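Asker: Enclosed is the structure file input.cif (mmCIF, C-alpha atoms).
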```cif
data_query
loop_
_atom_site.label_atom_id
_atom_site.label_comp_id
_atom_site.auth_asym_id
_atom_site.auth_seq_id
_atom_site.Cartn_x
_atom_site.Cartn_y
_atom_site.Cartn_z
CA MET Z 1 20.21 -4.31 -14.45
CA PRO Z 2 21.19 -3.52 -10.83
CA SER Z 3 20.66 -6.29 -8.32
CA VAL Z 4 17.64 -5.81 -6.07
CA VAL Z 5 18.95 -7.90 -3.17
CA GLU Z 6 21.74 -10.38 -2.87
CA ARG Z 7 20.34 -13.89 -3.27
CA LYS Z 8 21.96 -16.19 -0.76
CA GLN Z 9 22.20 -19.94 -0.93
CA VAL Z 10 20.83 -21.39 2.28
CA SER Z 11 21.51 -24.70 3.93
CA PHE Z 12 18.50 -25.49 6.07
CA ASP Z 13 17.20 -28.83 7.29
CA PRO Z 14 13.99 -28.35 9.33
CA LYS Z 15 14.44 -31.83 10.77
CA GLN Z 16 17.67 -30.66 12.38
CA GLN Z 17 17.13 -26.89 12.77
CA PHE Z 18 14.29 -24.75 14.05
CA PHE Z 19 12.63 -22.40 11.61
CA ASN Z 20 12.42 -18.98 13.26
CA PRO Z 21 11.14 -16.05 11.20
CA PHE Z 22 12.32 -13.65 13.87
CA VAL Z 23 16.01 -14.41 13.37
CA SER Z 24 17.77 -11.46 11.80
CA GLY Z 25 17.87 -11.66 8.01
CA MET Z 26 15.78 -14.81 7.60
CA MET Z 27 12.71 -12.95 6.36
CA ASP Z 28 14.66 -10.86 3.87
CA ASP Z 29 14.29 -13.85 1.54
CA PRO Z 30 12.28 -16.54 3.33
CA TYR Z 31 11.34 -18.57 0.27
CA PRO Z 32 14.21 -21.13 0.33
CA TYR Z 33 13.33 -21.86 3.96
CA TYR Z 34 9.67 -22.22 3.07
CA ALA Z 35 10.48 -24.73 0.34
CA ALA Z 36 12.43 -26.89 2.79
CA LEU Z 37 9.56 -26.78 5.28
CA ARG Z 38 6.95 -27.77 2.69
CA ASP Z 39 9.07 -30.63 1.42
CA SER Z 40 10.18 -32.31 4.61
CA ASP Z 41 8.43 -30.82 7.66
CA PRO Z 42 5.13 -29.09 6.77
CA VAL Z 43 3.98 -29.04 10.40
CA HIS Z 44 7.19 -27.80 11.99
CA TRP Z 45 7.53 -27.60 15.77
CA ASN Z 46 9.88 -24.94 17.15
CA ASP Z 47 10.58 -25.93 20.74
CA ASP Z 48 12.21 -22.60 21.57
CA LEU Z 49 9.19 -20.57 20.45
CA GLN Z 50 6.62 -23.22 21.41
CA MET Z 51 4.91 -22.82 18.04
CA TYR Z 52 3.95 -24.98 15.09
CA PHE Z 53 4.76 -23.48 11.68
CA ILE Z 54 2.39 -24.59 8.91
CA SER Z 55 3.69 -24.21 5.36
CA ARG Z 56 1.49 -26.12 2.90
CA TYR Z 57 -1.38 -24.44 1.08
CA ALA Z 58 -4.08 -26.99 1.93
CA ASP Z 59 -3.25 -26.84 5.65
CA VAL Z 60 -3.14 -23.05 5.82
CA LEU Z 61 -6.44 -22.83 3.95
CA HIS Z 62 -8.00 -25.37 6.29
CA ILE Z 63 -6.88 -23.46 9.38
CA GLY Z 64 -8.25 -20.20 8.04
CA ARG Z 65 -11.64 -21.67 7.24
CA ASP Z 66 -12.12 -23.73 10.40
CA ARG Z 67 -13.09 -21.03 12.88
CA GLN Z 68 -14.32 -23.57 15.44
CA ARG Z 69 -11.07 -25.47 16.01
CA PHE Z 70 -8.59 -22.73 15.07
CA ILE Z 71 -9.33 -19.53 16.95
CA ARG Z 72 -7.46 -16.33 17.52
CA GLY Z 73 -7.75 -16.72 21.29
CA ASN Z 74 -4.50 -16.49 23.23
CA ALA Z 75 -2.42 -17.06 20.09
CA VAL Z 76 -3.15 -13.49 19.08
CA ARG Z 77 -4.05 -11.86 22.38
CA SER Z 78 -0.84 -13.04 24.05
CA ALA Z 79 1.12 -10.97 21.55
CA PHE Z 80 -0.53 -7.92 23.10
CA ALA Z 81 -0.38 -9.16 26.71
CA GLU Z 82 2.13 -6.52 27.75
CA PHE Z 83 -0.34 -3.84 26.63
CA GLN Z 84 -3.20 -5.11 28.81
CA GLY Z 85 -5.16 -2.22 30.28
CA THR Z 86 -3.36 0.37 28.15
CA ILE Z 87 -4.39 2.63 25.28
CA ILE Z 88 -2.58 0.26 22.92
CA GLU Z 89 -4.82 -2.66 23.90
CA GLU Z 90 -7.88 -0.48 23.33
CA ALA Z 91 -6.62 0.58 19.90
CA LEU Z 92 -5.80 -2.96 18.77
CA SER Z 93 -8.83 -4.76 20.24
CA ASN Z 94 -10.39 -4.96 16.83
CA LEU Z 95 -10.58 -7.19 13.76
CA PHE Z 96 -6.99 -8.33 14.38
CA THR Z 97 -7.72 -9.96 17.73
CA ILE Z 98 -11.37 -10.97 18.13
CA ASP Z 99 -13.29 -14.09 17.14
CA PRO Z 100 -16.92 -14.50 16.02
CA PRO Z 101 -19.57 -13.38 16.69
CA ASP Z 102 -18.09 -9.92 17.38
CA HIS Z 103 -15.68 -10.23 14.45
CA THR Z 104 -18.56 -11.02 12.10
CA ARG Z 105 -20.68 -8.15 13.43
CA LEU Z 106 -17.97 -5.50 13.13
CA LYS Z 107 -16.75 -6.73 9.76
CA GLY Z 108 -20.31 -6.48 8.47
CA PHE Z 109 -20.35 -2.77 9.23
CA ILE Z 110 -17.25 -1.89 7.24
CA SER Z 111 -18.13 -4.24 4.39
CA ARG Z 112 -20.81 -1.77 3.38
CA ALA Z 113 -18.13 0.78 2.58
CA PHE Z 114 -16.20 -1.55 0.26
CA THR Z 115 -18.82 -2.78 -2.18
CA ARG Z 116 -17.67 -3.32 -5.76
CA PRO Z 117 -19.59 -0.36 -7.26
CA ARG Z 118 -18.36 1.99 -4.56
CA ILE Z 119 -14.75 0.93 -5.08
CA GLU Z 120 -14.88 1.08 -8.88
CA ALA Z 121 -16.27 4.60 -8.60
CA LEU Z 122 -12.94 5.59 -7.05
CA ARG Z 123 -10.90 4.66 -10.14
CA GLY Z 124 -10.88 8.19 -11.51
CA ARG Z 125 -9.88 9.75 -8.21
CA ILE Z 126 -7.12 7.17 -7.60
CA THR Z 127 -5.78 7.89 -11.07
CA GLU Z 128 -5.83 11.61 -10.34
CA ILE Z 129 -3.92 11.15 -7.08
CA SER Z 130 -1.38 8.85 -8.75
CA GLU Z 131 -0.72 11.29 -11.58
CA GLY Z 132 -0.38 14.13 -9.11
CA LEU Z 133 2.19 12.29 -7.01
CA LEU Z 134 4.24 11.43 -10.09
CA ASP Z 135 4.08 15.07 -11.17
CA GLU Z 136 5.35 16.16 -7.75
CA ALA Z 137 8.18 13.62 -7.95
CA GLY Z 138 9.15 14.90 -11.40
CA VAL Z 139 8.61 11.57 -13.14
CA GLU Z 140 8.52 12.29 -16.87
CA SER Z 141 9.08 10.37 -20.11
CA ARG Z 142 12.84 10.62 -19.87
CA SER Z 143 15.54 9.10 -17.73
CA GLY Z 144 15.41 9.71 -14.02
CA SER Z 145 14.91 8.17 -10.60
CA LEU Z 146 12.12 7.87 -8.07
CA LYS Z 147 11.98 7.11 -4.36
CA LEU Z 148 9.16 4.63 -4.84
CA VAL Z 149 7.94 4.28 -1.26
CA SER Z 150 8.19 7.78 0.14
CA ASP Z 151 7.12 9.56 -3.06
CA PHE Z 152 4.52 7.18 -4.43
CA SER Z 153 3.53 3.80 -2.98
CA TYR Z 154 3.04 5.18 0.55
CA PRO Z 155 1.32 8.55 -0.05
CA LEU Z 156 -1.08 7.10 -2.65
CA PRO Z 157 -3.04 4.70 -0.41
CA PHE Z 158 -2.66 7.10 2.51
CA GLN Z 159 -4.42 9.87 0.59
CA VAL Z 160 -7.09 7.46 -0.59
CA ILE Z 161 -7.91 6.19 2.90
CA CYS Z 162 -7.93 9.73 4.30
CA GLU Z 163 -10.49 10.73 1.69
CA LEU Z 164 -12.56 7.62 2.40
CA MET Z 165 -12.46 8.32 6.13
CA GLY Z 166 -13.24 12.01 5.68
CA VAL Z 167 -10.05 13.43 7.20
CA PRO Z 168 -9.61 17.12 6.30
CA ILE Z 169 -6.61 17.88 4.09
CA ASP Z 170 -4.90 20.16 6.61
CA GLU Z 171 -4.98 17.43 9.29
CA ARG Z 172 -3.51 14.57 7.25
CA ASP Z 173 0.16 15.24 7.95
CA ALA Z 174 -0.49 14.88 11.68
CA VAL Z 175 -2.40 11.65 11.13
CA ARG Z 176 0.37 10.30 8.89
CA GLU Z 177 3.04 11.06 11.48
CA ARG Z 178 1.21 9.10 14.20
CA THR Z 179 0.09 6.07 12.23
CA ARG Z 180 3.68 5.11 11.43
CA TYR Z 181 4.21 4.41 15.15
CA ILE Z 182 1.06 2.28 15.50
CA THR Z 183 1.67 -0.19 12.69
CA PRO Z 184 4.82 -1.77 14.26
CA LEU Z 185 2.80 -2.66 17.38
CA ILE Z 186 1.08 -5.45 15.46
CA ASP Z 187 4.35 -7.32 14.96
CA PRO Z 188 4.78 -9.73 17.89
CA PHE Z 189 8.53 -9.02 18.18
CA LEU Z 190 8.95 -5.31 18.81
CA ASP Z 191 11.85 -2.92 18.93
CA PRO Z 192 12.41 -1.81 22.55
CA ASP Z 193 11.25 1.76 21.92
CA ALA Z 194 8.15 0.82 19.92
CA PRO Z 195 5.65 0.52 22.83
CA ALA Z 196 6.35 4.01 24.22
CA LYS Z 197 6.09 5.65 20.80
CA GLY Z 198 3.06 3.56 19.95
CA ALA Z 199 1.25 4.44 23.18
CA GLU Z 200 1.81 8.14 22.57
CA ALA Z 201 0.53 7.81 19.01
CA CYS Z 202 -2.55 5.83 20.10
CA ALA Z 203 -3.38 8.44 22.74
CA TRP Z 204 -3.09 11.22 20.17
CA PHE Z 205 -5.22 9.23 17.75
CA LYS Z 206 -7.95 8.69 20.33
CA ASP Z 207 -8.07 12.42 21.12
CA TYR Z 208 -8.16 13.25 17.43
CA LEU Z 209 -10.94 10.78 16.62
CA THR Z 210 -12.91 11.96 19.63
CA THR Z 211 -12.77 15.49 18.19
CA LEU Z 212 -14.03 14.25 14.83
CA VAL Z 213 -16.85 12.30 16.47
CA VAL Z 214 -17.97 15.25 18.61
CA GLU Z 215 -18.00 17.55 15.58
CA ARG Z 216 -20.09 15.15 13.52
CA ARG Z 217 -22.60 14.72 16.32
CA ARG Z 218 -22.81 18.48 16.75
CA LEU Z 219 -23.57 18.96 13.08
CA ARG Z 220 -26.25 16.28 13.11
CA ALA Z 221 -27.86 17.81 16.21
CA ALA Z 222 -27.92 21.18 14.46
CA GLY Z 223 -29.70 19.67 11.46
CA ALA Z 224 -26.62 19.91 9.23
CA THR Z 225 -25.11 17.13 7.15
CA PRO Z 226 -21.78 15.83 8.51
CA PRO Z 227 -18.85 15.59 6.07
CA PRO Z 228 -18.93 12.44 3.93
CA GLY Z 229 -16.69 9.55 4.88
CA LEU Z 230 -16.44 6.39 6.92
CA VAL Z 231 -15.99 8.26 10.20
CA SER Z 232 -19.44 9.82 9.82
CA GLU Z 233 -20.94 6.44 8.91
CA LEU Z 234 -19.32 4.70 11.88
CA VAL Z 235 -20.44 7.47 14.25
CA GLU Z 236 -24.02 6.95 13.09
CA LEU Z 237 -23.72 3.23 13.80
CA SER Z 238 -22.33 3.99 17.23
CA ASP Z 239 -25.20 6.35 17.95
CA GLN Z 240 -27.61 3.59 17.01
CA GLU Z 241 -25.89 1.49 19.72
CA LYS Z 242 -24.67 -1.03 17.16
CA MET Z 243 -21.07 -0.27 18.05
CA SER Z 244 -19.55 0.70 21.41
CA PRO Z 245 -17.29 3.77 21.80
CA SER Z 246 -14.26 1.50 22.23
CA GLU Z 247 -15.19 -0.45 19.11
CA LEU Z 248 -15.60 2.80 17.20
CA PHE Z 249 -12.11 3.91 18.19
CA ALA Z 250 -10.52 0.55 17.38
CA MET Z 251 -12.37 0.30 14.06
CA CYS Z 252 -11.06 3.67 12.92
CA VAL Z 253 -7.52 2.68 13.89
CA VAL Z 254 -7.64 -0.59 11.94
CA LEU Z 255 -9.09 1.13 8.88
CA PHE Z 256 -6.24 3.63 8.82
CA ILE Z 257 -3.57 0.96 9.30
CA ALA Z 258 -4.99 -1.70 6.98
CA GLY Z 259 -6.02 0.97 4.50
CA PHE Z 260 -2.52 1.82 3.39
CA GLU Z 261 0.16 -0.41 4.94
CA ASN Z 262 -0.51 -3.48 2.80
CA VAL Z 263 -1.16 -1.46 -0.35
CA THR Z 264 2.16 0.33 0.05
CA ASN Z 265 3.93 -3.02 0.15
CA LEU Z 266 1.82 -4.53 -2.62
CA VAL Z 267 2.63 -1.73 -5.05
CA SER Z 268 6.33 -1.88 -4.18
CA ASN Z 269 6.49 -5.67 -4.34
CA ALA Z 270 4.66 -5.71 -7.68
CA VAL Z 271 7.24 -3.32 -9.13
CA ARG Z 272 10.02 -5.55 -7.80
CA ALA Z 273 8.49 -8.66 -9.37
CA LEU Z 274 8.18 -6.89 -12.71
CA VAL Z 275 11.79 -5.68 -12.56
CA GLU Z 276 13.05 -9.16 -11.71
CA ASN Z 277 11.00 -10.61 -14.57
CA PRO Z 278 11.55 -8.32 -17.58
CA ASP Z 279 9.62 -10.67 -19.86
CA GLN Z 280 6.53 -10.11 -17.72
CA GLN Z 281 7.14 -6.36 -17.65
CA ALA Z 282 7.28 -6.40 -21.45
CA ALA Z 283 4.13 -8.54 -21.62
CA LEU Z 284 2.29 -6.10 -19.37
CA ARG Z 285 3.25 -3.12 -21.51
CA GLU Z 286 2.17 -4.96 -24.66
CA ASP Z 287 -1.12 -6.30 -23.27
CA PRO Z 288 -2.86 -3.93 -20.81
CA ASN Z 289 -5.45 -6.64 -20.07
CA LEU Z 290 -2.80 -8.26 -17.87
CA TYR Z 291 -3.14 -5.41 -15.38
CA GLY Z 292 -6.26 -7.13 -14.12
CA ASN Z 293 -4.23 -10.09 -12.84
CA LEU Z 294 -1.18 -8.14 -11.70
CA PRO Z 295 -2.24 -7.45 -8.08
CA ASP Z 296 -3.16 -11.07 -7.35
CA GLU Z 297 -0.07 -12.59 -8.98
CA ALA Z 298 2.15 -10.06 -7.20
CA LEU Z 299 0.51 -10.88 -3.88
CA ARG Z 300 0.89 -14.60 -4.49
CA TYR Z 301 4.53 -14.19 -5.46
CA TYR Z 302 5.54 -11.73 -2.72
CA SER Z 303 3.03 -11.97 0.11
CA THR Z 304 2.65 -8.69 1.96
CA THR Z 305 1.47 -10.51 5.10
CA GLN Z 306 3.78 -13.45 5.69
CA TYR Z 307 2.06 -15.16 8.59
CA ASN Z 308 -0.83 -15.21 11.04
CA ALA Z 309 -1.26 -17.14 14.28
CA ARG Z 310 -4.13 -19.21 15.60
CA GLU Z 311 -4.75 -21.31 18.70
CA THR Z 312 -6.16 -24.83 18.55
CA ALA Z 313 -9.46 -25.13 20.42
CA ALA Z 314 -9.27 -28.95 20.20
CA GLU Z 315 -6.75 -31.59 19.25
CA VAL Z 316 -6.31 -31.47 15.48
CA GLU Z 317 -4.36 -33.22 12.74
CA LEU Z 318 -2.55 -31.53 9.86
CA SER Z 319 -0.50 -33.36 7.20
CA GLY Z 320 -0.57 -36.50 9.32
CA ARG Z 321 0.71 -34.83 12.49
CA SER Z 322 -1.36 -34.50 15.67
CA ILE Z 323 -1.40 -31.08 17.33
CA PRO Z 324 -2.62 -30.78 20.95
CA LYS Z 325 -5.40 -28.48 22.10
CA GLY Z 326 -4.16 -25.04 23.15
CA SER Z 327 -1.23 -25.03 20.73
CA VAL Z 328 -0.11 -21.98 18.76
CA VAL Z 329 -0.07 -22.64 15.02
CA VAL Z 330 1.49 -20.10 12.66
CA MET Z 331 0.02 -20.01 9.16
CA LEU Z 332 2.90 -19.24 6.80
CA ARG Z 333 0.95 -17.53 4.03
CA GLY Z 334 4.09 -16.71 2.08
CA ALA Z 335 4.98 -20.40 2.00
CA ALA Z 336 1.46 -21.52 1.08
CA ASN Z 337 1.39 -19.13 -1.86
CA ARG Z 338 4.48 -20.84 -3.34
CA ASP Z 339 3.23 -24.40 -2.77
CA GLU Z 340 3.77 -26.53 -5.88
CA ARG Z 341 0.91 -28.75 -4.72
CA ARG Z 342 -1.45 -25.87 -5.52
CA PHE Z 343 0.33 -23.66 -8.07
CA ALA Z 344 2.21 -24.91 -11.11
CA ASP Z 345 5.79 -23.63 -11.25
CA PRO Z 346 5.13 -21.50 -8.15
CA ASP Z 347 8.51 -19.75 -8.07
CA SER Z 348 7.79 -18.15 -11.44
CA PHE Z 349 6.05 -14.79 -11.65
CA PHE Z 350 3.57 -15.20 -14.50
CA LEU Z 351 0.84 -12.67 -15.29
CA ARG Z 352 -1.14 -15.12 -17.42
CA ARG Z 353 -1.46 -17.56 -14.54
CA SER Z 354 -5.13 -18.60 -14.45
CA ASP Z 355 -5.36 -19.26 -10.70
CA SER Z 356 -3.44 -16.35 -9.18
CA HIS Z 357 -6.63 -15.31 -7.38
CA ALA Z 358 -6.45 -18.51 -5.28
CA HIS Z 359 -3.57 -17.07 -3.23
CA LEU Z 360 -4.04 -16.65 0.51
CA GLY Z 361 -2.59 -13.15 0.75
CA PHE Z 362 -5.98 -11.57 1.44
CA GLY Z 363 -7.02 -14.24 3.93
CA GLU Z 364 -9.83 -16.71 3.47
CA GLY Z 365 -13.40 -17.31 4.53
CA ALA Z 366 -14.58 -15.06 7.34
CA THR Z 367 -11.15 -13.42 7.59
CA PHE Z 368 -10.94 -12.45 3.91
CA CYS Z 369 -9.77 -8.85 3.67
CA THR Z 370 -12.69 -6.45 3.32
CA GLY Z 371 -10.54 -3.96 1.44
CA ALA Z 372 -9.15 -6.48 -1.08
CA GLY Z 373 -11.01 -4.88 -3.98
CA LEU Z 374 -9.66 -1.44 -3.13
CA ALA Z 375 -6.11 -2.80 -2.77
CA ARG Z 376 -6.33 -4.43 -6.20
CA LEU Z 377 -7.62 -1.23 -7.80
CA GLU Z 378 -4.98 0.99 -6.20
CA THR Z 379 -2.18 -1.36 -7.26
CA GLU Z 380 -3.43 -1.66 -10.82
CA VAL Z 381 -3.92 2.09 -11.24
CA ALA Z 382 -0.62 2.99 -9.58
CA ILE Z 383 1.49 0.81 -11.85
CA ARG Z 384 -0.49 1.79 -14.95
CA CYS Z 385 0.31 5.43 -14.23
CA LEU Z 386 3.95 4.70 -13.41
CA PHE Z 387 4.58 2.58 -16.50
CA LYS Z 388 2.80 5.05 -18.75
CA ARG Z 389 5.57 7.54 -17.97
CA THR Z 390 8.58 5.25 -17.76
CA LYS Z 391 10.48 2.61 -19.69
CA ASP Z 392 13.24 0.19 -18.74
CA VAL Z 393 12.43 0.38 -15.04
CA ALA Z 394 15.16 -0.99 -12.77
CA ILE Z 395 15.84 -1.04 -9.04
CA SER Z 396 19.16 0.37 -7.86
CA GLU Z 397 18.43 0.11 -4.14
CA TRP Z 398 16.00 -1.98 -2.08
CA THR Z 399 15.90 -1.54 1.71
CA GLN Z 400 13.86 -4.26 3.36
CA GLY Z 401 11.36 -3.07 5.96
CA PRO Z 402 12.03 -3.85 9.63
CA THR Z 403 8.87 -5.80 10.46
CA LYS Z 404 8.62 -9.54 9.89
CA LEU Z 405 4.83 -9.67 9.66
CA PHE Z 406 4.35 -7.09 6.89
CA TRP Z 407 6.75 -7.95 4.05
CA GLY Z 408 7.98 -5.10 1.91
CA PRO Z 409 10.55 -2.34 1.65
CA SER Z 410 11.07 0.74 3.76
CA GLU Z 411 12.47 2.41 0.62
CA VAL Z 412 13.17 1.62 -3.03
CA ARG Z 413 15.23 3.62 -5.51
CA LEU Z 414 13.87 3.22 -9.03
CA GLU Z 415 15.79 4.12 -12.15
CA TYR Z 416 14.00 4.53 -15.45
CA ASN Z 417 14.39 5.76 -19.03
#
```
What does this structure look like when you write it as structure tokens?

Answerer:
Amino acid sequence: MPSVVERKQVSFDPKQQFFNPFVSGMMDDPYPYYAALRDSDPVHWNDDLQMYFISRYADVLHIGRDRQRFIRGNAVRSAFAEFQGTIIEEALSNLFTIDPPDHTRLKGFISRAFTRPRIEALRGRITEISEGLLDEAGVESRSGSLKLVSDFSYPLPFQVICELMGVPIDERDAVRERTRYITPLIDPFLDPDAPAKGAEACAWFKDYLTTLVVERRRLRAAGATPPPGLVSELVELSDQEKMSPSELFAMCVVLFIAGFENVTNLVSNAVRALVENPDQQAALREDPNLYGNLPDEALRYYSTTQYNARETAAEVELSGRSIPKGSVVVMLRGAANRDERRFADPDSFFLRRSDSHAHLGFGEGATFCTGAGLARLETEVAIRCLFKRTKDVAISEWTQGPTKLFWGPSEVRLEYN
């Protein structure tokens, strides 16, 4: 079986060296570093970055649930400080950056669109899209290869979110082209050319969404029924003065980004975990009931979101260490999901694990991902469809994505029989 990535032995002592996820190559395989942090320095201070890195499950869970003492505040907003007063700030002033009560109010609106019955009703359509993409890529029950990301794991959730939002088919290519420049803006350490490209994309997106909003209002005023989709539902909320125009714009942006970026990585990472663990791939093919646990175990094993930042609103204590008020604490979700204090044999990928759902990959408490159910369904259906057509799946090439925040590949070459 071809090697996915070269596994390197690391020599890292967090008592003597700073952990820095933004150093080139460190996040390609961060798990040895995470293990060292959990063992000897679970509340790790990086003096260069002026940040605390938190690696144990119990501490990360505590931070996520304590919204009074651990707030987004400047810890998140400072990452977007250079965009103050720009179209980028307007686009990203959403669920990524705000605290309660506004966070709770806005999240309540979109939660209506992701109820369990509504999501499960999409199973047939997601299956149809998956089968169609595999047909287009020429994946059949014989040997061949597939560009997993560009031909399957990216277009699948993108098509699903476009249908949910109500974006016309002939306008989706333009939307897809722009959204790929917005996603990198969320990573706190940007490529030099990212802001200019991102600002142009955000401006285009605002014009485009304004056109959609105006058309839906025109149809309603004429007594006609607007096209179905979340855009129409959000416009109605805005017209009822439950959501401001800026909130409407930002909400649409976050739905597009969150609606497919993490699912793309989750599908790809799940395939990687199954390739690296052929016994689990065989178990999945023999027992389809294991598909139900696949998304959660894959997300625990390879977290698609590796970290989030918070600011301390008071002096706090974690794992016996005092942290001053106003400090930036970075929740290392990828580390927490491999914590042996919470998960038995955490470095093993095991589909019969009974507590996979306890991972922190979807957040926790008030920040739990609204679209988690949809992400699970898309991942399950995608790999069901892929494995139905293929055998002996292997990875001949894995190109790690450039961002540190969202963990996954920019492309994967699959070989199958």

Asker: Check which residues satisfy the PyMOL selection byres ((chain Z and resi 120) around 12) in the file shown, then give them as a PDB file with C-alpha atoms, in the coordinates of the input.

Answerer:
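The resulting out.pdb:
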```
ATOM      1  CA  ALA Z 113     -18.130   0.780   2.580  1.00  0.00           C
ATOM      2  CA  PHE Z 114     -16.200  -1.550   0.260  1.00  0.00           C
ATOM      3  CA  THR Z 115     -18.820  -2.780  -2.180  1.00  0.00           C
ATOM      4  CA  ARG Z 116     -17.670  -3.320  -5.760  1.00  0.00           C
ATOM      5  CA  PRO Z 117     -19.590  -0.360  -7.260  1.00  0.00           C
ATOM      6  CA  ARG Z 118     -18.360   1.990  -4.560  1.00  0.00           C
ATOM      7  CA  ILE Z 119     -14.750   0.930  -5.080  1.00  0.00           C
ATOM      8  CA  ALA Z 121     -16.270   4.600  -8.600  1.00  0.00           C
ATOM      9  CA  LEU Z 122     -12.940   5.590  -7.050  1.00  0.00           C
ATOM     10  CA  ARG Z 123     -10.900   4.660 -10.140  1.00  0.00           C
ATOM     11  CA  GLY Z 124     -10.880   8.190 -11.510  1.00  0.00           C
ATOM     12  CA  ARG Z 125      -9.880   9.750  -8.210  1.00  0.00           C
ATOM     13  CA  ILE Z 126      -7.120   7.170  -7.600  1.00  0.00           C
ATOM     14  CA  THR Z 127      -5.780   7.890 -11.070  1.00  0.00           C
ATOM     15  CA  GLY Z 373     -11.010  -4.880  -3.980  1.00  0.00           C
ATOM     16  CA  LEU Z 374      -9.660  -1.440  -3.130  1.00  0.00           C
ATOM     17  CA  ALA Z 375      -6.110  -2.800  -2.770  1.00  0.00           C
ATOM     18  CA  ARG Z 376      -6.330  -4.430  -6.200  1.00  0.00           C
ATOM     19  CA  LEU Z 377      -7.620  -1.230  -7.800  1.00  0.00           C
ATOM     20  CA  GLU Z 378      -4.980   0.990  -6.200  1.00  0.00           C
ATOM     21  CA  GLU Z 380      -3.430  -1.660 -10.820  1.00  0.00           C
ATOM     22  CA  VAL Z 381      -3.920   2.090 -11.240  1.00  0.00           C
TER      23      VAL Z 381
END
```

Asker: Here's the selection I'm unsure about, the PyMOL selection byres ((chain Z and resi 297) around 8); applied to the file above, which residues does it give, as a PyMOL selection string?

Answerer: chain Z and resi 293-296+298-301+349-351+353+356-357

Asker: Apply the PyMOL selection byres ((chain Z and resi 167-176) around 10) to the structure shown and report the selected residues as a PyMOL selection string.

Answerer: chain Z and resi 155+158-159+161-166+177-181+201+204-205+208-209+212+227-231+256

Asker: Could you name the residues that touch Lys147 in chain Z at 8 Å or less, counting only C-alpha atoms, but leaving out those on the same chain fewer than 2 positions away, as a ChimeraX atom specification?

Answerer: /Z:145,149-152,411-414

Asker: Could you jot down the CA of Leu332 in chain Z to CA of Asp345 in chain Z separation for me, Å, one decimal place?

Answerer: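 One can read the CA of Leu332 in chain Z to CA of Asp345 in chain Z distance as 18.8 Å.
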
Asker: If you measure from CA of Ser246 in chain Z to CA of Ala221 in chain Z, what distance in Å do you get, rounded to one decimal?

Answerer: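 Between these atoms lies a distance of 22.1 Å.
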
Asker: What lies within 10 Å of range 321-324 of chain Z using all atoms listed in the file, ignoring chain neighbours under 4 positions off, as a list in words?

Answerer: Asp41, Pro42, Val43, His44, Trp45, Tyr52, Glu311, Thr312, Ala313, Ala314, Glu315, Val316, Glu317, Val328 and Val329 of chain Z

Asker: Measuring between only C-alpha atoms, which one of Z:Ala91, Z:Leu148, Z:Leu266, Z:Val254 shows the shortest distance to Trp407 in chain Z?

Answerer: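 Using only C-alpha atoms, Trp407 in chain Z sits closest to Z:Leu266.
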
Asker: Suppose you want the space between CA of Leu156 in chain Z and CA of Cys369 in chain Z; what is it in Å?

Answerer: 19.2 Å

Asker: Which of these residues is nearest to Gly25 in chain Z, using all atoms listed in the file: Z:Lys388, Z:Phe368, Z:Gln400, Z:Ala224?

Answerer: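 Closest residue, counting all atoms listed in the file: Z:Gln400.
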
Asker: Taking only C-alpha atoms into account, name the residue in Z:Leu290, Z:Leu284, Z:Leu92, Z:Val160 that is nearest to Gly198 in chain Z.

Answerer: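 Closest to Gly198 in chain Z of all the choices is Z:Leu92.
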
Asker: Compile the contact shell of Ala36 in chain Z as a ChimeraX atom specification: residues with an atom at most 10 Å away, counting only C-alpha atoms, same-chain residues fewer than 5 positions apart removed.

Answerer: /Z:11-15,19,31,41-42,55,335

Asker: Which residue, Z:Arg142, Z:Tyr154, Z:Ser354, Z:Asp287, has the smallest gap to Asn262 in chain Z when you use only C-alpha atoms?

Answerer: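 Among the listed residues, the smallest separation from Asn262 in chain Z belongs to Z:Tyr154.
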
Asker: Which one of Z:Thr304, Z:Arg389, Z:Ile383, Z:Arg105 sits closest to His359 in chain Z if you count all atoms listed in the file?

Answerer: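 Checking each candidate against His359 in chain Z, we get Z:Thr304 as the closest.
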
Asker: For range 357-370 of chain Z, what centre and edge lengths in Å (one decimal) does the axis-aligned box get once 5 Å is added on each side of all its listed atoms, as AutoDock Vina command-line options?

Answerer:
```
--center_x -8.6 --center_y -12.5 --center_z 0.1 --size_x 22.0 --size_y 22.1 --size_z 25.0
```

Asker: Kindly indicate which residue among Z:Asp187, Z:Ser153, Z:Asp66, Z:Gly108 lies nearest to Ser410 in chain Z, using only C-alpha atoms for the distances.

Answerer: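 Smallest distance to Ser410 in chain Z is found for Z:Ser153.
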
Asker: For the point (2.5, -27.5, -6.0) in file coordinates, what residues are within 12 Å, counting only C-alpha atoms? Give the answer as a PyMOL selection string?

Answerer: chain Z and resi 35+38-39+55-58+335-347

Asker: Can you list, as an MDAnalysis selection string, every protein, DNA or RNA residue that comes within 9 Å of Ile63 in chain Z when you count only C-alpha atoms, leaving out same-chain residues fewer than 5 positions away?

Answerer: chainID Z and resid 58 69:71 310 329 331

Asker: Can you list, as a PyMOL selection string, every protein, DNA or RNA residue that comes within 12 Å of Asp392 in chain Z when you count all atoms listed in the file, leaving out same-chain residues fewer than 3 positions away?

Answerer: chain Z and resi 1-2+141-145+271+274-279+281-282+285+386-389+395+414-417
